[in-house]
Structures are given as structure tokens and as C-alpha cells.
file data_24.cif (mmCIF, C-alpha atoms and all ligand atoms)
data_upload
loop_
_atom_site.label_atom_id
_atom_site.label_comp_id
_atom_site.auth_asym_id
_atom_site.auth_seq_id
_atom_site.Cartn_x
_atom_site.Cartn_y
_atom_site.Cartn_z
CA MET V 242 22.33 -6.93 18.22
CA VAL V 243 18.73 -6.41 17.18
CA GLU V 244 17.61 -9.14 14.82
CA LYS V 245 16.76 -8.02 11.31
CA ILE V 246 13.46 -8.98 9.74
CA LEU V 247 14.76 -7.94 6.35
CA GLU V 248 18.16 -7.29 4.87
CA ILE V 249 18.70 -6.44 1.25
CA GLN V 250 22.20 -6.43 -0.15
CA ASN V 251 23.36 -4.86 -3.42
CA LEU V 252 20.09 -5.64 -5.12
CA THR V 253 19.76 -4.97 -8.82
CA VAL V 254 16.77 -5.84 -10.99
CA SER V 255 17.23 -5.30 -14.71
CA PHE V 256 14.47 -5.31 -17.30
CA ASP V 257 16.46 -5.55 -20.55
CA ASP V 258 18.88 -2.61 -20.27
CA PHE V 259 16.88 -0.75 -17.67
CA LYS V 260 17.65 -1.11 -13.96
CA ALA V 261 14.40 -0.81 -12.01
CA LEU V 262 16.47 -1.42 -8.86
CA ASN V 263 20.11 -0.44 -8.87
CA ASN V 264 22.49 -1.73 -6.22
CA LEU V 265 19.95 -1.14 -3.49
CA ASN V 266 20.80 -1.74 0.17
CA PHE V 267 18.15 -1.81 2.86
CA SER V 268 17.74 -3.18 6.34
CA MET V 269 14.91 -3.25 8.81
CA ASP V 270 14.59 -4.40 12.43
CA ILE V 271 12.02 -6.86 13.71
CA GLY V 272 8.90 -5.00 14.81
CA GLU V 273 9.67 -1.89 12.78
CA LEU V 274 7.12 0.08 10.75
CA ARG V 275 8.88 1.54 7.72
CA VAL V 276 7.38 3.83 5.12
CA ILE V 277 8.89 3.92 1.65
CA ILE V 278 8.31 6.93 -0.53
CA GLY V 279 9.71 8.06 -3.87
CA PRO V 280 8.61 9.55 -7.15
CA ASN V 281 6.76 7.47 -9.76
CA GLY V 282 9.04 4.93 -11.35
CA ALA V 283 11.48 4.99 -8.41
CA GLY V 284 11.20 1.19 -8.09
CA LYS V 285 8.90 0.93 -5.06
CA THR V 286 6.58 -1.73 -6.44
CA THR V 287 9.50 -3.67 -7.94
CA PHE V 288 11.09 -3.60 -4.48
CA LEU V 289 8.02 -5.41 -3.09
CA ASP V 290 7.94 -7.74 -6.12
CA VAL V 291 11.45 -8.94 -5.30
CA ILE V 292 10.70 -9.50 -1.62
CA THR V 293 7.62 -11.59 -2.45
CA GLY V 294 9.41 -13.59 -5.16
CA LYS V 295 7.33 -12.26 -8.04
CA VAL V 296 10.51 -10.87 -9.59
CA GLN V 297 13.96 -12.43 -9.23
CA PRO V 298 17.03 -10.29 -8.49
CA THR V 299 19.49 -9.88 -11.36
CA THR V 300 22.22 -9.55 -8.74
CA GLY V 301 22.26 -9.19 -4.96
CA LYS V 302 20.08 -10.84 -2.37
CA VAL V 303 17.16 -10.54 0.00
CA LEU V 304 17.42 -12.06 3.48
CA PHE V 305 14.29 -12.61 5.56
CA LYS V 306 15.21 -13.26 9.21
CA GLY V 307 18.69 -14.07 7.99
CA LYS V 308 17.51 -16.57 5.38
CA SER V 309 18.05 -15.96 1.67
CA LEU V 310 14.89 -15.82 -0.45
CA THR V 311 16.77 -16.31 -3.71
CA LYS V 312 14.99 -18.75 -6.03
CA MET V 313 12.25 -19.37 -3.46
CA PRO V 314 8.82 -19.57 -5.17
CA GLU V 315 6.16 -17.01 -4.26
CA ASN V 316 3.93 -19.41 -2.34
CA LYS V 317 6.85 -20.62 -0.23
CA ILE V 318 7.80 -17.04 0.62
CA ALA V 319 4.21 -16.36 1.66
CA SER V 320 4.23 -19.49 3.81
CA ILE V 321 7.31 -18.48 5.77
CA GLY V 322 5.62 -15.27 6.89
CA ILE V 323 5.64 -12.52 4.26
CA GLY V 324 2.19 -11.18 3.37
CA ARG V 325 1.37 -8.59 0.74
CA LYS V 326 -1.53 -6.31 0.14
CA PHE V 327 -1.85 -5.03 -3.39
CA GLN V 328 -3.05 -1.57 -4.31
CA THR V 329 -6.49 -2.65 -5.52
CA PRO V 330 -8.57 -4.68 -3.08
CA ARG V 331 -8.94 -8.34 -4.04
CA VAL V 332 -11.84 -9.37 -1.85
CA TYR V 333 -14.67 -11.70 -2.85
CA LEU V 334 -17.49 -9.27 -3.60
CA ASN V 335 -20.32 -11.81 -3.43
CA LEU V 336 -19.28 -13.03 0.03
CA THR V 337 -19.97 -11.20 3.28
CA VAL V 338 -17.19 -9.59 5.27
CA ARG V 339 -17.29 -12.50 7.73
CA GLU V 340 -17.23 -15.11 4.95
CA ASN V 341 -14.22 -13.44 3.34
CA LEU V 342 -12.30 -13.64 6.62
CA ASP V 343 -13.49 -17.18 7.38
CA LEU V 344 -12.28 -18.36 4.03
CA ILE V 345 -8.75 -17.12 4.58
CA ILE V 346 -8.53 -18.35 8.15
CA ASN V 347 -9.68 -21.84 7.22
CA ARG V 348 -7.40 -21.97 4.23
CA HIS V 349 -4.40 -21.14 6.39
CA LYS V 350 -5.23 -22.88 9.65
CA GLY V 351 -4.38 -26.38 8.57
CA ILE V 352 -1.57 -25.70 6.18
CA ILE V 353 0.79 -23.17 7.64
CA PRO V 354 1.41 -24.44 11.18
CA THR V 355 1.82 -28.08 10.26
CA LEU V 356 3.83 -27.86 7.09
CA PHE V 357 5.95 -24.78 7.24
CA ARG V 358 6.15 -23.13 10.62
CA LYS V 359 4.63 -23.22 14.03
CA VAL V 360 2.13 -20.47 14.67
CA PRO V 361 1.22 -20.29 18.37
CA VAL V 362 -2.47 -20.96 18.95
CA ALA V 363 -2.94 -17.47 20.35
CA GLU V 364 -1.71 -16.10 17.07
CA VAL V 365 -4.22 -17.95 14.92
CA ARG V 366 -6.66 -15.15 14.38
CA SER V 367 -10.36 -15.38 15.09
CA VAL V 368 -12.88 -13.71 12.82
CA ALA V 369 -14.15 -11.67 15.77
CA GLY V 370 -10.65 -10.44 16.57
CA LEU V 371 -10.02 -9.51 12.95
CA LEU V 372 -13.34 -7.68 12.64
CA GLU V 373 -12.35 -5.63 15.63
CA ILE V 374 -8.89 -4.83 14.28
CA ILE V 375 -10.33 -3.55 11.00
CA GLY V 376 -13.33 -1.84 12.62
CA LEU V 377 -15.96 -3.74 10.61
CA ILE V 378 -17.87 -5.53 13.37
CA GLY V 379 -21.08 -3.74 12.37
CA LYS V 380 -20.67 -4.79 8.73
CA ALA V 381 -19.77 -8.45 9.29
CA ASN V 382 -22.83 -9.78 7.50
CA ILE V 383 -22.85 -7.39 4.58
CA LYS V 384 -21.63 -8.53 1.19
CA ALA V 385 -18.26 -7.03 0.34
CA ALA V 386 -19.78 -5.59 -2.84
CA PHE V 387 -21.68 -3.11 -0.68
CA LEU V 388 -18.64 -1.81 1.21
CA SER V 389 -17.09 1.55 0.44
CA HIS V 390 -13.64 1.58 -1.16
CA GLY V 391 -12.07 2.33 2.22
CA GLU V 392 -13.96 -0.49 3.92
CA LYS V 393 -12.84 -2.89 1.21
CA GLN V 394 -9.25 -1.82 1.85
CA ARG V 395 -9.77 -2.49 5.54
CA LEU V 396 -11.27 -5.91 4.82
CA GLU V 397 -8.29 -6.78 2.70
CA ILE V 398 -5.94 -5.74 5.47
CA GLY V 399 -7.92 -8.12 7.70
CA MET V 400 -7.51 -10.91 5.17
CA LEU V 401 -3.80 -10.26 5.10
CA VAL V 402 -3.50 -10.34 8.90
CA ALA V 403 -5.58 -13.55 8.97
CA GLN V 404 -2.62 -15.30 7.38
CA SER V 405 -0.48 -14.48 10.44
CA PRO V 406 2.43 -13.00 8.50
CA ASP V 407 5.46 -11.67 10.38
CA LEU V 408 6.14 -9.06 7.73
CA LEU V 409 3.31 -7.10 6.10
CA LEU V 410 3.94 -5.39 2.76
CA ILE V 411 1.36 -2.76 1.90
CA ASP V 412 1.37 -0.86 -1.40
CA GLU V 413 -0.41 2.52 -1.43
CA PRO V 414 -3.25 1.71 0.98
CA VAL V 415 -4.88 5.14 0.95
CA ALA V 416 -4.87 6.02 -2.76
CA GLY V 417 -8.30 7.39 -3.61
CA LEU V 418 -9.62 7.34 -0.03
CA THR V 419 -11.42 10.10 1.87
CA ASP V 420 -9.56 11.88 4.67
CA GLU V 421 -11.57 9.99 7.26
CA GLU V 422 -10.85 6.59 5.74
CA THR V 423 -7.19 7.55 5.35
CA GLU V 424 -7.02 8.19 9.07
CA ASN V 425 -8.80 4.90 9.81
CA ILE V 426 -6.26 2.97 7.77
CA GLY V 427 -3.47 4.86 9.55
CA SER V 428 -4.73 3.81 12.98
CA ILE V 429 -5.13 0.22 11.87
CA LEU V 430 -1.57 0.09 10.54
CA LEU V 431 -0.22 1.66 13.72
CA ASN V 432 -2.07 -0.98 15.74
CA LEU V 433 -0.75 -3.79 13.59
CA ALA V 434 2.77 -2.42 13.93
CA ALA V 435 2.64 -3.26 17.62
CA SER V 436 2.77 -6.97 16.74
CA HIS V 437 4.14 -7.14 13.19
CA SER V 438 6.94 -5.75 11.07
CA VAL V 439 5.35 -3.55 8.42
CA ILE V 440 6.49 -1.90 5.18
CA VAL V 441 4.11 0.67 3.72
CA ILE V 442 4.58 2.33 0.36
CA GLU V 443 2.73 5.60 0.10
CA HIS V 444 2.47 8.87 -1.78
CA ASP V 445 0.13 10.74 0.53
CA MET V 446 2.50 12.82 2.65
CA GLU V 447 -0.01 13.69 5.33
CA PHE V 448 -0.67 10.00 5.81
CA VAL V 449 3.05 9.26 5.90
CA ARG V 450 3.41 11.88 8.60
CA GLN V 451 0.58 10.22 10.58
CA ILE V 452 2.19 6.80 10.69
CA ALA V 453 5.91 7.06 9.95
CA LYS V 454 8.77 6.82 12.38
CA LYS V 455 11.44 6.08 9.83
CA VAL V 456 11.11 6.84 6.13
CA THR V 457 13.19 5.48 3.26
CA VAL V 458 13.26 7.49 0.05
CA LEU V 459 13.79 5.56 -3.19
CA HIS V 460 14.99 7.25 -6.34
CA GLN V 461 16.03 5.62 -9.62
CA GLY V 462 16.14 2.21 -8.03
CA SER V 463 18.38 3.09 -5.08
CA VAL V 464 17.96 4.42 -1.56
CA LEU V 465 18.36 8.20 -1.74
CA CYS V 466 18.14 8.78 2.00
CA GLU V 467 16.55 7.59 5.23
CA GLY V 468 15.41 9.27 8.40
CA THR V 469 12.45 10.74 10.22
CA MET V 470 9.77 12.46 8.15
CA ASP V 471 11.22 15.85 9.12
CA GLU V 472 14.72 14.81 8.16
CA VAL V 473 13.79 13.49 4.73
CA GLN V 474 11.41 16.36 3.94
CA ASN V 475 14.17 18.86 4.60
CA ASP V 476 16.83 16.93 2.75
CA PRO V 477 17.84 18.97 -0.33
CA ARG V 478 18.25 15.78 -2.39
CA VAL V 479 14.66 14.78 -1.65
CA ILE V 480 13.33 18.24 -2.44
CA GLU V 481 15.21 18.18 -5.73
CA VAL V 482 13.84 14.77 -6.69
CA TYR V 483 10.27 15.70 -5.85
CA LEU V 484 10.44 19.00 -7.68
CA GLY V 485 11.82 17.15 -10.68
CA ILE V 486 14.93 19.30 -11.01
CA SER V 487 17.71 17.30 -12.60
CA ASP V 488 21.32 17.86 -11.76
P1 LIG V 501 7.13 2.74 -8.58
O1 LIG V 501 6.29 1.71 -7.92
O2 LIG V 501 8.12 3.40 -7.68
O3 LIG V 501 6.32 3.76 -9.32
P2 LIG V 501 7.99 0.54 -10.27
O4 LIG V 501 8.73 -0.39 -9.38
O5 LIG V 501 6.61 0.16 -10.64
O6 LIG V 501 8.04 2.02 -9.69
O7 LIG V 501 8.81 0.70 -11.62
C1 LIG V 501 10.15 1.13 -11.66
C2 LIG V 501 10.59 1.21 -13.08
O8 LIG V 501 10.72 -0.07 -13.63
C3 LIG V 501 9.59 1.96 -13.98
O9 LIG V 501 10.31 2.77 -14.87
C4 LIG V 501 8.88 0.85 -14.70
O10 LIG V 501 8.44 1.29 -15.96
C5 LIG V 501 9.93 -0.22 -14.79
N1 LIG V 501 9.36 -1.57 -14.77
C6 LIG V 501 8.67 -2.11 -13.75
N2 LIG V 501 8.30 -3.38 -14.05
C7 LIG V 501 8.78 -3.63 -15.30
C8 LIG V 501 8.74 -4.76 -16.19
N3 LIG V 501 8.14 -5.91 -15.85
N4 LIG V 501 9.35 -4.64 -17.39
C9 LIG V 501 9.98 -3.48 -17.75
N5 LIG V 501 10.05 -2.40 -16.96
C10 LIG V 501 9.46 -2.46 -15.77
MG MG V 502 4.19 1.45 -7.64
#

call {"tool": "encode", "arguments": {"input": "data_24.cif", "output": "C-alpha cells", "more": "lines below"}}
Ligand code: ADP
Ligand code: MG
result
Amino acid sequence: MVEKILEIQNLTVSFDDFKALNNLNFSMDIGELRVIIGPNGAGKTTFLDVITGKVQPTTGKVLFKGKSLTKMPENKIASIGIGRKFQTPRVYLNLTVRENLDLIINRHKGIIPTLFRKVPVAEVRSVAGLLEIIGLIGKANIKAAFLSHGEKQRLEIGMLVAQSPDLLLIDEPVAGLTDEETENIGSILLNLAASHSVIVIEHDMEFVRQIAKKVTVLHQGSVLCEGTMDEVQNDPRVIEVYLGISD
């Protein structure tokens, strides 16, 4: 049996009377790259909020490598190998690209391996290696404030990878980017998928097509369907949901 990086069972998240997630079931293999799509309000961001411990399930549970994350605080969840990139870049604008990466690496070097888990030495990322992954070698000594939006997104992906997470959660990485930058981010994510498990939430269908092998469609807090991009795009239920026709 292939080991699961993530298993979500009967997950419901209620805000007062409203169920942002409604009896959701989801499972993902180690090393998989999964794209999650769905109309606005489908529950995509809440889904990530539950995995990272920002929001607690009302019922149901989340298992990471077989271990329940229920009641685990956010920083503990991060320390056992789940990293998240938010929609807006959160880089230090007055530091250079290199300094931003250095900061994260040094912050994590001492803490993670000794206290929480063993990260093989080869896995502890070097700044040079990260700069190469994100394609910013030539901009290493430039302050982040002077990067384009797309370059900032790439830097933040680098800062995420610097923490050596096993599972990367990435919320709408190409919103507002040029076509060229969108493609850059796509290649970076495909590269990272060779050595990480990755969940990407995205609206941009061309981008989804570029990177996706398996797509999960969320609708009203539940999984509507799963499959290849072609399968989900031709699924009448998905077409209905995206055209906003109610039944
Ligand atoms: P998506 O990311 O798919 O657009 P969200 O997960 O952000 O959807 O939101 C799903 C639904 O839950 C939305 O209707 C949203 O208004 C609602 N929601 C999200 N967070 C909260 C909250 N903290 N309190 C109340 N309602 C919320
Ligand atoms: Mg969202």
C-alpha cells in the first residue's frame, strides 16, 4: 500500500450555522502534486486553514502521515513538516533576496532537526541551492522591495522550501501574474514536486493544465469530483458549478 501523506475523514467546519467544509473526504499519496479548484466560497482556503491548524475541525479529522493533527497548535504542525504559502507574499522588503533566505535557513537549522524531527544533512537547504530552484541567482543581492510581484512570489516559495517541509500548501500562486511569470512558477512547482508532496489551490485553468496530474474539485465544502484535468473539465457537474446553474 502506498503511504498517504494526507488523509482527511468526514471533515466539517462550521462557522455559526454555516458549513464552510461539509463532510469532506480527501486522500493524497506521498510525493503527489494535487491541484484543488472550485468556485469562490467553495471552502478551498478553509481546507488549508484546517490542515495548518489555523482552524479546528467541528467534526472529522486530518491525518498527516497517519498521525492526527487534531488540537495540534499551528507551530507544531509546521514543525512536523507542513509548510504553507499564503496568497500575498510575506517577504522582508528591506532585506535582499539572499538575506531573506538566510534568515529562514538559520531560524530553522537549529530548531527543527534537534527538537522535532531529523532532517538529513543533504536536505538542509543552502542559499545557493534555493536561489537556483527559484531562478533568482542574478537577483540575490537586490532588496526584495525591488523585485516584481512574480519574483516576490518565487522568493516566498524559496523561503517555504528552506524550511524543508514534506508537504507544501500553496494558495493561488499565480493570481495577478504575467503569463511568463505564471509559467515560471509552474516549472518551479513541477520541480519541487519531484521531492515534495504539494497541494496547489488555483483558479487559472491554463496554469492548472500546465501542472496538474490529478485535480480535486471542491464545491460547497465537499469534494465534487476528482480526476485528470480533462476528466474534471468534461464532468457535467463541474460545468454546472462553474456556469453557476443551480439544480
Ligand atoms: P474559497 O477559498 O474556496 O473561496 P473559503 O474557504 O475562503 O472559500 O470560504 C468558504 C466559505 O466559508 C465562504 O462562504 C466564507 O465566507 C466562509 N468563511 C470562511 N472563513 C470564515 C469565518 N472565519 N467565519 C465565517 N465564515 C467564513
Ligand atoms: Mg480562497

call {"tool": "atom_distance", "arguments": {"input": "data_24.cif", "atom1": "CA of Lys260 (chain V)", "atom2": "atom MG of ligand MG 502 (chain V)"}}
result
15.1 Å

call {"tool": "atom_distance", "arguments": {"input": "data_24.cif", "atom1": "CA of Ile452 (chain V)", "atom2": "CA of Lys326 (chain V)"}}
result
17.2 Å

call {"tool": "atom_distance", "arguments": {"input": "data_24.cif", "atom1": "CA of Arg325 (chain V)", "atom2": "CA of Leu401 (chain V)"}}
result
7.0 Å

call {"tool": "residues_near_ligand", "arguments": {"input": "data_24.cif", "ligand": "ligand MG 502 (chain V)", "cutoff": "8 Å", "atoms": "only C-alpha atoms and all ligand atoms", "output": "ChimeraX atom specification"}}
result
/V:281-282,284-287,412-413

call {"tool": "write_last_selection", "arguments": {"input": "data_24.cif", "atoms": "C-alpha atoms", "output": "compact mmCIF listing (two decimals), keeping the file's coordinate frame"}}
result
# COMPACT_ATOMS: atom_id res chain seq x y z
CA ASN V 281 6.76 7.47 -9.76
CA GLY V 282 9.04 4.93 -11.35
CA GLY V 284 11.20 1.19 -8.09
CA LYS V 285 8.90 0.93 -5.06
CA THR V 286 6.58 -1.73 -6.44
CA THR V 287 9.50 -3.67 -7.94
CA ASP V 412 1.37 -0.86 -1.40
CA GLU V 413 -0.41 2.52 -1.43

call {"tool": "closest_residue", "arguments": {"input": "data_24.cif", "among": "V:Val296, V:Ile383, V:Ile442, V:Val458", "to": "Ser255 (chain V)", "atoms": "all atoms listed in the file"}}
result
V:Val296

call {"tool": "residues_around", "arguments": {"input": "data_24.cif", "residues": "Met313 (chain V)", "least_positions_apart": "2", "cutoff": "12 Å", "atoms": "all atoms listed in the file", "output": "PyMOL selection string"}}
result
chain V and resi 291-298+302-305+308-311+315-321

call {"tool": "closest_residue", "arguments": {"input": "data_24.cif", "among": "V:Leu388, V:Leu430, V:Ile480, V:Met446", "to": "Leu274 (chain V)", "atoms": "only C-alpha atoms"}}
result
V:Leu430

call {"tool": "closest_residue", "arguments": {"input": "data_24.cif", "among": "V:Ile374, V:Met400, V:Leu409, V:Leu344", "to": "Arg331 (chain V)", "atoms": "all atoms listed in the file"}}
result
V:Met400

call {"tool": "closest_residue", "arguments": {"input": "data_24.cif", "among": "V:Thr299, V:Arg366, V:Phe288, V:Ala403", "to": "Phe259 (chain V)", "atoms": "all atoms listed in the file"}}
result
V:Thr299

call {"tool": "closest_residue", "arguments": {"input": "data_24.cif", "among": "V:Ile346, V:Ile411, V:Val338, V:Val441", "to": "Glu392 (chain V)", "atoms": "all atoms listed in the file"}}
result
V:Val338

call {"tool": "closest_residue", "arguments": {"input": "data_24.cif", "among": "V:Tyr333, V:Ile249, V:Asp407, V:Val415", "to": "Gly301 (chain V)", "atoms": "only C-alpha atoms"}}
result
V:Ile249

call {"tool": "residues_near_point", "arguments": {"input": "data_24.cif", "point": "(22.1, -1.0, -3.9)", "cutoff": "7 Å", "atoms": "all atoms listed in the file", "output": "PyMOL selection string"}}
result
chain V and resi 250-253+263-266+463

call {"tool": "write_last_selection", "arguments": {"input": "data_24.cif", "atoms": "C-alpha atoms", "output": "PDB file, in the coordinates of the input"}}
result
ATOM      1  CA  GLN V 250      22.200  -6.430  -0.150  1.00  0.00           C
ATOM      2  CA  ASN V 251      23.360  -4.860  -3.420  1.00  0.00           C
ATOM      3  CA  LEU V 252      20.090  -5.640  -5.120  1.00  0.00           C
ATOM      4  CA  THR V 253      19.760  -4.970  -8.820  1.00  0.00           C
ATOM      5  CA  ASN V 263      20.110  -0.440  -8.870  1.00  0.00           C
ATOM      6  CA  ASN V 264      22.490  -1.730  -6.220  1.00  0.00           C
ATOM      7  CA  LEU V 265      19.950  -1.140  -3.490  1.00  0.00           C
ATOM      8  CA  ASN V 266      20.800  -1.740   0.170  1.00  0.00           C
ATOM      9  CA  SER V 463      18.380   3.090  -5.080  1.00  0.00           C
TER      10      SER V 463
END

call {"tool": "axis_aligned_box", "arguments": {"input": "data_24.cif", "around": "ligand LIG 501 (chain V)", "padding_each_side": "3 Å", "output": "JSON"}}
result
{"center_x": 8.5, "center_y": -1.1, "center_z": -12.7, "size_x": 10.4, "size_y": 15.7, "size_z": 16.1}

call {"tool": "residues_around", "arguments": {"input": "data_24.cif", "residues": "His390 (chain V)", "least_positions_apart": "6", "cutoff": "10 Å", "atoms": "all atoms listed in the file", "output": "ChimeraX atom specification"}}
result
/V:329-330,396,415-419,422

call {"tool": "residues_around", "arguments": {"input": "data_24.cif", "residues": "Ala381 (chain V)", "least_positions_apart": "5", "cutoff": "10 Å", "atoms": "only C-alpha atoms", "output": "ChimeraX atom specification"}}
result
/V:337-342,368-369,372,376,396

call {"tool": "residues_around", "arguments": {"input": "data_24.cif", "residues": "Lys306 (chain V)", "least_positions_apart": "5", "cutoff": "8 Å", "atoms": "all atoms listed in the file", "output": "JSON, numbers by chain"}}
result
{"V": [244, 245, 246, 247, 248]}

call {"tool": "build_atoms", "arguments": {"input": "data_24.cif", "residues": "region 301-318 of chain V", "atoms": "N, CA and C atoms", "output": "compact mmCIF listing (two decimals), in the frame of the given file"}}
result
# COMPACT_ATOMS: atom_id res chain seq x y z
N GLY V 301 22.54 -9.57 -6.34
CA GLY V 301 22.26 -9.19 -4.96
C GLY V 301 21.28 -10.14 -4.31
N LYS V 302 21.01 -9.92 -3.02
CA LYS V 302 20.08 -10.84 -2.37
C LYS V 302 19.20 -10.20 -1.30
N VAL V 303 18.12 -10.94 -1.02
CA VAL V 303 17.16 -10.54 0.00
C VAL V 303 17.20 -11.59 1.11
N LEU V 304 17.44 -11.14 2.35
CA LEU V 304 17.42 -12.06 3.48
C LEU V 304 16.23 -11.74 4.37
N PHE V 305 15.43 -12.75 4.66
CA PHE V 305 14.29 -12.61 5.56
C PHE V 305 14.64 -13.37 6.83
N LYS V 306 14.74 -12.67 7.96
CA LYS V 306 15.21 -13.26 9.21
C LYS V 306 16.50 -14.05 8.99
N GLY V 307 17.38 -13.47 8.21
CA GLY V 307 18.69 -14.07 7.99
C GLY V 307 18.73 -15.14 6.91
N LYS V 308 17.56 -15.47 6.35
CA LYS V 308 17.51 -16.57 5.38
C LYS V 308 17.32 -16.01 3.97
N SER V 309 18.12 -16.49 3.03
CA SER V 309 18.05 -15.96 1.67
C SER V 309 16.78 -16.42 0.97
N LEU V 310 16.13 -15.49 0.28
CA LEU V 310 14.89 -15.82 -0.45
C LEU V 310 15.16 -16.13 -1.92
N THR V 311 16.42 -16.09 -2.30
CA THR V 311 16.77 -16.31 -3.71
C THR V 311 16.22 -17.64 -4.20
N LYS V 312 15.56 -17.58 -5.35
CA LYS V 312 14.99 -18.75 -6.03
C LYS V 312 13.83 -19.40 -5.26
N MET V 313 13.39 -18.80 -4.18
CA MET V 313 12.25 -19.37 -3.46
C MET V 313 10.96 -18.98 -4.19
N PRO V 314 10.06 -19.94 -4.48
CA PRO V 314 8.82 -19.57 -5.17
C PRO V 314 7.91 -18.70 -4.30
N GLU V 315 7.03 -17.96 -4.96
CA GLU V 315 6.16 -17.01 -4.26
C GLU V 315 5.36 -17.65 -3.12
N ASN V 316 4.78 -18.82 -3.38
CA ASN V 316 3.93 -19.41 -2.34
C ASN V 316 4.74 -19.85 -1.12
N LYS V 317 5.98 -20.24 -1.36
CA LYS V 317 6.85 -20.62 -0.23
C LYS V 317 7.19 -19.37 0.60
N ILE V 318 7.47 -18.27 -0.09
CA ILE V 318 7.80 -17.04 0.62
C ILE V 318 6.60 -16.59 1.46
